[in-house]
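For reference, upload39.cif is printed below; it contains mmCIF, C-alpha atoms and all ligand atoms.
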```cif
data_structure
#
loop_
_atom_site.label_atom_id
_atom_site.label_comp_id
_atom_site.auth_asym_id
_atom_site.auth_seq_id
_atom_site.Cartn_x
_atom_site.Cartn_y
_atom_site.Cartn_z
CA MET A 1 5.55 -13.94 -24.53
CA ASN A 2 3.52 -11.58 -22.34
CA LYS A 3 4.59 -7.95 -22.46
CA TYR A 4 3.69 -5.27 -19.96
CA LYS A 5 3.91 -1.50 -20.25
CA ILE A 6 5.18 -0.05 -16.99
CA ALA A 7 5.24 3.64 -16.11
CA LEU A 8 8.15 4.47 -13.83
CA MET A 9 7.94 7.31 -11.34
CA PRO A 10 11.23 7.05 -9.44
CA GLY A 11 10.54 10.45 -7.87
CA ASP A 12 12.66 12.13 -5.24
CA GLY A 13 15.41 11.40 -2.75
CA THR A 14 16.20 7.72 -2.49
CA GLY A 15 13.25 6.84 -4.76
CA PRO A 16 15.40 6.30 -7.87
CA GLU A 17 17.87 4.13 -5.94
CA VAL A 18 15.23 1.71 -4.67
CA VAL A 19 13.38 1.65 -8.00
CA LYS A 20 16.60 0.59 -9.70
CA GLU A 21 16.92 -2.43 -7.39
CA GLY A 22 13.24 -3.29 -7.78
CA LEU A 23 13.70 -3.33 -11.54
CA LYS A 24 16.82 -5.47 -11.23
CA VAL A 25 14.81 -8.10 -9.34
CA MET A 26 11.80 -7.87 -11.66
CA GLU A 27 14.11 -8.29 -14.67
CA ALA A 28 15.51 -11.46 -13.10
CA ALA A 29 11.95 -12.74 -12.67
CA ALA A 30 11.04 -11.74 -16.24
CA ALA A 31 13.98 -13.71 -17.62
CA LYS A 32 13.09 -16.76 -15.57
CA PHE A 33 9.35 -16.76 -16.22
CA ASN A 34 9.53 -15.52 -19.76
CA PHE A 35 7.74 -12.18 -19.89
CA LYS A 36 8.87 -8.71 -20.84
CA LEU A 37 8.56 -5.34 -19.14
CA ASP A 38 8.68 -2.16 -21.24
CA TYR A 39 9.35 1.00 -19.28
CA THR A 40 8.45 4.64 -19.75
CA ASP A 41 10.15 7.04 -17.36
CA TYR A 42 8.25 10.02 -15.92
CA ASP A 43 10.20 12.73 -14.13
CA VAL A 44 7.49 13.95 -11.80
CA GLY A 45 8.39 14.96 -8.28
CA ALA A 46 10.01 17.75 -6.32
CA ILE A 47 12.83 18.49 -8.75
CA ARG A 48 10.46 19.13 -11.64
CA TYR A 49 8.21 21.18 -9.39
CA LEU A 50 11.03 23.33 -8.03
CA LYS A 51 12.37 23.91 -11.56
CA THR A 52 9.13 24.51 -13.45
CA GLY A 53 6.36 25.01 -10.88
CA GLU A 54 4.52 22.12 -12.47
CA VAL A 55 3.44 19.28 -10.17
CA MET A 56 1.72 16.74 -12.39
CA PRO A 57 0.71 17.55 -15.97
CA ASP A 58 -2.66 16.15 -17.03
CA SER A 59 -0.92 14.68 -20.06
CA VAL A 60 1.01 12.34 -17.75
CA LEU A 61 -2.22 11.12 -16.17
CA GLU A 62 -3.63 10.50 -19.65
CA GLU A 63 -0.54 8.47 -20.56
CA PHE A 64 -0.80 6.51 -17.30
CA LYS A 65 -4.23 5.33 -18.39
CA LYS A 66 -2.63 3.52 -21.33
CA GLN A 67 -0.08 1.65 -19.20
CA ASP A 68 -0.44 -1.74 -17.55
CA ALA A 69 0.88 -0.53 -14.19
CA ILE A 70 2.80 2.25 -12.46
CA TYR A 71 5.89 1.72 -10.32
CA LEU A 72 6.64 4.53 -7.88
CA GLY A 73 9.76 5.25 -5.83
CA ALA A 74 9.07 8.11 -3.43
CA ILE A 75 7.79 11.66 -3.49
CA GLY A 76 8.88 14.47 -1.16
CA HIS A 77 11.58 17.10 -0.69
CA PRO A 78 12.57 19.32 2.28
CA ASP A 79 12.24 22.47 0.12
CA VAL A 80 8.64 21.77 -0.85
CA LYS A 81 5.84 22.65 1.54
CA PRO A 82 4.05 19.53 2.85
CA GLY A 83 0.88 18.75 0.96
CA ILE A 84 1.76 20.05 -2.51
CA LEU A 85 3.32 16.89 -3.87
CA GLU A 86 1.24 14.50 -1.77
CA LEU A 87 -2.00 15.99 -3.08
CA GLY A 88 -0.70 16.92 -6.51
CA ILE A 89 0.93 13.62 -7.40
CA LEU A 90 -0.05 10.73 -5.14
CA LEU A 91 -3.65 11.57 -4.39
CA LYS A 92 -4.22 12.99 -7.87
CA THR A 93 -3.12 9.72 -9.44
CA ARG A 94 -5.23 7.66 -7.02
CA PHE A 95 -8.31 9.70 -7.87
CA ALA A 96 -7.70 10.10 -11.61
CA LEU A 97 -7.16 6.38 -12.10
CA ASP A 98 -9.82 5.44 -9.56
CA GLN A 99 -7.41 3.29 -7.56
CA TYR A 100 -10.00 2.61 -4.94
CA ILE A 101 -8.14 -0.10 -3.06
CA ASN A 102 -4.99 0.34 -1.01
CA LEU A 103 -3.56 -3.12 -0.49
CA ARG A 104 -1.03 -3.52 2.34
CA PRO A 105 0.29 -6.97 3.13
CA VAL A 106 1.66 -7.05 6.67
CA LYS A 107 4.12 -9.87 6.98
CA LEU A 108 7.00 -10.36 9.37
CA TYR A 109 9.72 -12.14 7.42
CA PRO A 110 12.00 -14.59 9.25
CA GLY A 111 15.20 -12.94 10.40
CA VAL A 112 13.56 -9.53 10.79
CA ASP A 113 13.54 -7.81 14.17
CA CYS A 114 10.02 -7.29 15.53
CA PRO A 115 9.43 -4.66 18.22
CA LEU A 116 6.72 -6.85 19.80
CA LYS A 117 7.98 -9.09 22.56
CA GLY A 118 7.55 -12.79 21.88
CA LYS A 119 6.05 -12.43 18.38
CA GLY A 120 7.48 -14.14 15.33
CA PRO A 121 6.72 -14.63 11.63
CA GLU A 122 3.93 -17.12 12.46
CA ASP A 123 2.13 -14.36 14.40
CA ILE A 124 2.31 -11.47 11.95
CA ASP A 125 0.86 -12.29 8.58
CA PHE A 126 -2.25 -10.37 7.61
CA VAL A 127 -3.46 -7.96 4.95
CA VAL A 128 -5.05 -4.53 5.30
CA ILE A 129 -7.44 -3.46 2.57
CA ARG A 130 -7.90 0.27 2.88
CA GLU A 131 -10.57 2.11 0.92
CA ASN A 132 -8.42 4.54 -1.07
CA THR A 133 -10.51 7.27 -2.71
CA GLY A 134 -13.34 8.14 -0.33
CA GLY A 135 -13.94 9.41 3.17
CA ILE A 136 -12.14 12.46 4.49
CA TYR A 137 -9.70 12.29 1.59
CA THR A 138 -12.38 13.49 -0.84
CA GLY A 139 -11.83 16.97 0.63
CA VAL A 140 -15.52 17.80 1.08
CA GLY A 141 -15.77 20.71 3.47
CA GLY A 142 -14.22 24.12 3.78
CA VAL A 143 -13.29 26.99 5.97
CA VAL A 144 -15.20 30.16 6.81
CA GLN A 145 -14.23 33.31 8.68
CA LYS A 146 -10.62 32.29 8.23
CA GLY A 147 -8.18 34.11 10.44
CA THR A 148 -10.89 35.37 12.80
CA PRO A 149 -11.49 34.04 16.32
CA TYR A 150 -14.65 32.40 14.93
CA GLU A 151 -12.97 30.45 12.16
CA ILE A 152 -14.69 27.17 11.35
CA ALA A 153 -13.16 24.38 9.29
CA THR A 154 -14.80 21.13 8.23
CA GLN A 155 -13.53 18.10 6.38
CA VAL A 156 -16.23 15.54 6.05
CA MET A 157 -16.14 11.76 6.02
CA VAL A 158 -18.17 11.04 2.88
CA TYR A 159 -19.19 7.55 1.80
CA GLY A 160 -21.72 6.46 -0.76
CA ARG A 161 -22.99 2.90 -0.69
CA PRO A 162 -21.44 2.00 -4.08
CA VAL A 163 -18.01 3.11 -2.89
CA VAL A 164 -18.32 1.00 0.26
CA GLU A 165 -19.73 -1.95 -1.67
CA ARG A 166 -16.98 -2.13 -4.29
CA CYS A 167 -14.34 -2.03 -1.58
CA MET A 168 -16.14 -4.65 0.50
CA LYS A 169 -16.54 -6.92 -2.52
CA TYR A 170 -12.84 -6.72 -3.24
CA ALA A 171 -12.11 -7.50 0.43
CA TYR A 172 -14.41 -10.54 0.54
CA GLU A 173 -13.03 -11.89 -2.74
CA TYR A 174 -9.50 -11.36 -1.48
CA THR A 175 -10.26 -13.16 1.80
CA LYS A 176 -11.92 -16.04 0.00
CA LYS A 177 -8.90 -16.57 -2.25
CA ARG A 178 -6.23 -15.92 0.36
CA ASN A 179 -4.22 -18.92 1.35
CA SER A 180 -4.99 -18.86 5.07
CA LYS A 181 -6.78 -21.12 7.53
CA LYS A 182 -8.81 -18.38 9.16
CA LYS A 183 -10.82 -17.04 6.21
CA MET A 184 -11.89 -14.08 8.29
CA LEU A 185 -12.66 -10.52 7.25
CA THR A 186 -12.37 -8.00 10.08
CA LEU A 187 -14.08 -4.66 9.50
CA VAL A 188 -12.27 -1.86 11.32
CA HIS A 189 -14.32 1.28 11.95
CA LYS A 190 -15.74 3.36 14.79
CA CYS A 191 -19.44 2.58 14.58
CA ASN A 192 -20.03 3.38 18.25
CA VAL A 193 -19.47 7.06 17.45
CA LEU A 194 -19.67 7.37 13.65
CA THR A 195 -23.26 6.22 13.68
CA HIS A 196 -23.88 7.21 10.03
CA CYS A 197 -20.74 6.30 8.13
CA GLY A 198 -19.76 3.50 10.48
CA ASP A 199 -23.21 2.00 10.35
CA LEU A 200 -23.17 1.99 6.54
CA TRP A 201 -19.91 0.03 6.56
CA VAL A 202 -21.24 -2.37 9.22
CA ARG A 203 -24.42 -3.09 7.23
CA VAL A 204 -22.62 -3.58 3.93
CA HIS A 205 -20.10 -5.91 5.63
CA LYS A 206 -22.88 -8.05 7.10
CA GLU A 207 -25.31 -7.98 4.15
CA MET A 208 -22.67 -8.93 1.59
CA GLY A 209 -21.11 -11.56 3.85
CA ASP A 210 -24.44 -13.19 4.70
CA LYS A 211 -25.54 -13.24 1.08
CA ASP A 212 -22.47 -14.05 -1.00
CA TYR A 213 -19.63 -15.14 1.29
CA LYS A 214 -21.02 -17.61 3.82
CA ASP A 215 -17.64 -19.36 3.97
CA VAL A 216 -15.90 -16.19 5.20
CA LYS A 217 -16.05 -15.40 8.93
CA GLN A 218 -17.21 -11.88 9.81
CA ASP A 219 -15.36 -9.97 12.50
CA TYR A 220 -15.42 -6.37 13.71
CA ASN A 221 -13.03 -4.07 15.67
CA HIS A 222 -13.36 -0.45 16.62
CA VAL A 223 -10.31 1.32 15.22
CA ASP A 224 -8.99 2.41 18.63
CA ALA A 225 -9.22 -1.15 19.91
CA ALA A 226 -7.57 -2.45 16.74
CA THR A 227 -4.45 -0.42 17.53
CA MET A 228 -4.19 -2.26 20.83
CA TRP A 229 -4.83 -5.67 19.29
CA PHE A 230 -2.20 -5.07 16.58
CA VAL A 231 0.34 -4.92 19.39
CA LYS A 232 -1.09 -7.49 21.77
CA GLN A 233 -2.47 -10.15 19.46
CA PRO A 234 -1.56 -9.59 15.80
CA GLU A 235 -2.04 -13.32 15.15
CA TRP A 236 -5.80 -12.77 15.40
CA TYR A 237 -6.01 -11.13 11.98
CA ASP A 238 -6.39 -12.54 8.49
CA VAL A 239 -7.78 -9.74 6.30
CA ILE A 240 -8.84 -6.30 7.50
CA VAL A 241 -11.07 -3.93 5.57
CA THR A 242 -11.39 -0.30 6.60
CA GLU A 243 -12.17 3.21 5.45
CA ASN A 244 -9.52 5.59 4.11
CA LEU A 245 -8.19 7.60 7.06
CA PHE A 246 -8.39 4.77 9.60
CA GLY A 247 -6.55 2.65 7.05
CA ASP A 248 -3.85 5.27 6.63
CA ILE A 249 -3.22 5.30 10.37
CA ILE A 250 -3.33 1.58 11.12
CA THR A 251 -1.10 0.68 8.17
CA ASP A 252 1.76 2.74 9.63
CA LEU A 253 1.34 0.88 12.90
CA ALA A 254 1.24 -2.34 10.91
CA ALA A 255 4.45 -1.36 9.10
CA ILE A 256 6.38 -1.04 12.32
CA ILE A 257 5.29 -4.44 13.63
CA GLN A 258 6.46 -6.06 10.40
CA GLY A 259 9.90 -4.50 10.84
CA GLY A 260 9.47 -0.94 9.60
CA LEU A 261 9.25 1.07 6.43
CA GLY A 262 12.26 -0.72 4.96
CA ILE A 263 10.04 -3.70 4.18
CA ALA A 264 6.49 -2.28 3.91
CA ALA A 265 5.05 -2.27 0.37
CA GLY A 266 1.68 -1.22 -0.92
CA GLY A 267 -0.50 -1.16 -3.99
CA ASN A 268 -3.00 1.49 -5.07
CA ILE A 269 -5.28 -0.75 -7.00
CA ASN A 270 -8.00 -0.30 -9.55
CA PRO A 271 -9.11 -3.90 -10.07
CA GLU A 272 -10.56 -2.95 -13.45
CA GLY A 273 -7.85 -0.49 -14.46
CA VAL A 274 -4.30 0.72 -13.93
CA SER A 275 -2.71 0.23 -10.52
CA MET A 276 0.28 1.86 -8.84
CA PHE A 277 2.78 0.14 -6.56
CA GLU A 278 5.12 1.76 -4.04
CA PRO A 279 7.41 1.20 -1.09
CA MET A 280 5.81 2.88 1.93
CA GLY A 281 8.99 4.62 3.09
CA GLY A 282 9.43 8.23 2.04
CA SER A 283 12.14 9.92 -0.01
CA ALA A 284 14.60 9.87 2.95
CA PRO A 285 16.51 13.00 1.83
CA LYS A 286 19.41 12.54 4.24
CA TYR A 287 20.28 9.13 2.79
CA THR A 288 20.02 10.18 -0.84
CA GLY A 289 22.82 9.12 -3.16
CA LYS A 290 24.67 7.17 -0.47
CA ASN A 291 23.70 3.69 -1.62
CA ILE A 292 22.62 2.77 1.92
CA ILE A 293 18.82 2.82 1.74
CA ASN A 294 16.95 -0.47 2.04
CA PRO A 295 15.45 -1.50 -1.31
CA LEU A 296 13.43 -4.44 0.04
CA ALA A 297 10.13 -2.55 0.28
CA ALA A 298 10.47 -1.47 -3.35
CA ILE A 299 11.38 -5.03 -4.33
CA CYS A 300 8.28 -6.35 -2.54
CA ALA A 301 6.16 -3.66 -4.25
CA GLY A 302 7.53 -4.94 -7.56
CA GLY A 303 6.43 -8.44 -6.59
CA MET A 304 2.94 -7.16 -5.84
CA MET A 305 2.86 -5.43 -9.21
CA LEU A 306 3.77 -8.63 -11.05
CA ASP A 307 1.12 -10.52 -9.11
CA THR A 308 -1.53 -7.99 -10.16
CA LEU A 309 -0.37 -8.19 -13.77
CA GLY A 310 -1.02 -11.93 -13.67
CA GLU A 311 2.55 -13.15 -13.17
CA GLY A 312 1.78 -14.99 -9.93
CA LYS A 313 4.72 -17.37 -10.22
CA ALA A 314 7.17 -14.52 -10.62
CA ALA A 315 5.61 -12.76 -7.63
CA LYS A 316 5.99 -15.91 -5.52
CA ALA A 317 9.60 -16.29 -6.63
CA ILE A 318 10.36 -12.73 -5.51
CA ASP A 319 8.66 -13.30 -2.17
CA SER A 320 10.60 -16.54 -1.64
CA ALA A 321 13.84 -14.81 -2.60
CA VAL A 322 13.22 -11.99 -0.10
CA THR A 323 12.35 -14.60 2.53
CA LYS A 324 15.57 -16.55 1.86
CA VAL A 325 17.79 -13.49 1.95
CA LEU A 326 16.26 -12.28 5.21
CA ALA A 327 16.12 -15.73 6.82
CA SER A 328 19.84 -16.18 6.16
CA GLY A 329 20.38 -13.56 8.88
CA LYS A 330 23.05 -11.78 6.83
CA ILE A 331 21.17 -8.50 6.74
CA LYS A 332 21.77 -7.00 10.18
CA SER A 333 18.97 -4.44 10.21
CA LEU A 334 16.36 -3.06 7.83
CA ALA A 335 17.36 0.51 8.67
CA ALA A 336 19.28 2.64 6.17
CA GLY A 337 23.02 2.44 6.73
CA LYS A 338 22.72 -0.44 9.19
CA MET A 339 22.03 -3.32 6.80
CA GLY A 340 25.67 -4.40 6.61
CA PHE A 341 25.28 -4.18 2.82
CA SER A 342 24.73 -1.45 0.28
CA THR A 343 21.45 -0.83 -1.54
CA THR A 344 22.82 -2.39 -4.72
CA GLU A 345 24.23 -5.41 -2.87
CA VAL A 346 20.85 -6.19 -1.33
CA GLY A 347 19.27 -5.90 -4.79
CA ASP A 348 21.91 -8.28 -6.17
CA MET A 349 21.30 -10.81 -3.39
CA VAL A 350 17.56 -10.95 -4.05
CA ALA A 351 17.97 -11.00 -7.84
CA ARG A 352 20.39 -13.92 -7.53
CA GLU A 353 17.90 -15.91 -5.42
CA VAL A 354 15.14 -15.29 -8.00
C1 LIG B 1 0.08 6.84 2.43
C2 LIG B 1 0.50 8.27 2.63
C3 LIG B 1 -0.43 9.19 1.87
C4 LIG B 1 -1.83 9.02 2.44
C5 LIG B 1 -0.03 10.68 1.87
C6 LIG B 1 1.41 10.88 1.51
C7 LIG B 1 -0.95 11.48 0.99
O1 LIG B 1 0.56 8.60 3.98
O2 LIG B 1 0.07 6.38 1.27
O3 LIG B 1 -0.23 6.15 3.40
O4 LIG B 1 -2.20 9.71 3.40
O5 LIG B 1 -2.56 8.19 1.92
MN MN B 2 0.10 6.96 5.30
#
```
Any chance you could put this one into structure tokens?
Amino acid sequence: MNKYKIALMPGDGTGPEVVKEGLKVMEAAAAKFNFKLDYTDYDVGAIRYLKTGEVMPDSVLEEFKKQDAIYLGAIGHPDVKPGILELGILLKTRFALDQYINLRPVKLYPGVDCPLKGKGPEDIDFVVIRENTGGIYTGVGGVVQKGTPYEIATQVMVYGRPVVERCMKYAYEYTKKRNSKKKMLTLVHKCNVLTHCGDLWVRVHKEMGDKDYKDVKQDYNHVDAATMWFVKQPEWYDVIVTENLFGDIITDLAAIIQGGLGIAAGGNINPEGVSMFEPMGGSAPKYTGKNIINPLAAICAGGMMLDTLGEGKAAKAIDSAVTKVLASGKIKSLAAGKMGFSTTEVGDMVAREV
């Protein structure tokens, strides 16, 4: 029997509540497909920080390196200044474990309300592959003459060819293997203005595609245009590859067209190492402890984690179960408190279908 070591970071707010339901569903899949998950709990997040002043001990990062995957709930607290936990926990883990891919499936499930007029599940089914450790997020830059009228601040978009190439390779491989008719990889950038960084991405996209992936169609959108096309013609897309900050922005737009943060899941992936999976919604402080938050995004993140671990059948079963539960129309809304069911009831429904 395959066994996997999973680090749990339930985190803050409603994080622990959705993680609990994700685990319930994964346990159902483990029983059915005969594998075992061993958990280690890590209490990182706002509570630990507010109590001890410690954000993320290096020892935790070292222990993460020995795990098979990390399952995250949510990080964030109204009493903690923005940036401390995001940089100190999320970004630190991404960088320390070199999780250089951010994988965001964008899928409108049947039965889910879409804010786009006339679009249904057959129209919204694509994947965004966001470069996850480079670009502006590297923090290259600084500030001089701070506080004076002449203050200057820079934060530079930095990309080396190897960093672009490894992301592009992952994206082409993903597109090649993806079960879709289009087999098309759209590069999203802003090469009309970012003539250095954008051009590097454009050349790598074309060179690699021409040489190694002749069966994959090459496509390109400027990022500003992509935000219009997401709304007007989402059915165009198959797989999108983009740099870090553009990816951050367009994946929030993508989340809302797939029904919102209640269903959006993502993976911070190191294809050769330890990856971390998370629901995209935040810690939702005002819903904490009420058993009304939607656990579906966390459940889907769990499915992605199992897929990455090599349990593809279990991942498919979870996806089918989520599809069935949503298609039944019983869940009235994906928003917290409006589902018509509690957090635990939704977890039970999906687990039962698995
Ligand atoms: C995301 C988040 C993070 C990011 C923040 C919280 C650091 O917005 O995962 O999309 O900007 O990458
Ligand atoms: Mn974001």
Quiz item: Given a cut-off of 10 Å, what residues near ligand LIG 1 (chain B) show up using all atoms listed in the file, put as a PyMOL selection string?
Solution: chain A and resi 74-76+82-92+94+102+104+130+132-133+137+244-245+247-252+266-268+278-282
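Using all atoms listed in the file for every distance, the candidate list A:Val322, A:Met228, A:Ala336, A:Ile47 yields A:Val322 as the residue closest to A:Val112.
With atom CA of A:Ile293 on one side and atom CA of A:Phe35 on the other, the separation reads 28.6 Å.
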Exercise. Take the point (14.5, -8.6, 2.9) in the file's coordinates, draw a sphere of radius 7 Å around it, and report as number ranges by chain every protein, DNA or RNA residue with an atom inside or on it, counting all atoms listed in the file.
Key: A: 263, 296, 322-323, 325-326
Quiz item: Between A:Asp41, A:Gly11, A:Gly209, A:Asp319, which one has atoms that come closest to A:Leu306, using only C-alpha atoms?
Solution: A:Asp319
Practice problem: Go through A:His205, A:Leu253, A:Lys211, A:Trp229 and flag the residue nearest ligand MN 2 (chain B), using all atoms listed in the file for the distances. | Solution: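 Selected residue with least distance to ligand MN 2 (chain B): A:Leu253.
Nearest residue to A:Thr308 among A:Leu103, A:Gly45, A:Ala264, A:Val193 is A:Leu103, counting all atoms listed in the file.
Distance annotation: of A:Leu261, A:Ala96, A:Met184, A:Val346, the residue with the minimal separation from ligand MN 2 (chain B) is A:Leu261; atom set is all atoms listed in the file.
The coordinates place atom CA of A:Trp236 at 27.7 Å from atom CA of A:Gly302.
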Practice problem: Tell me which of A:Val44, A:Val231, A:Ile240, A:Ala298 sits closest to A:Ala7, counting all atoms listed in the file. | Solution: A:Val44
Quiz item: Expressed in Å to a single decimal, how great is the separation between atom CA of A:Ser328 and atom CA of A:Gly15?
Solution: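 These atoms are spaced 26.3 Å apart.
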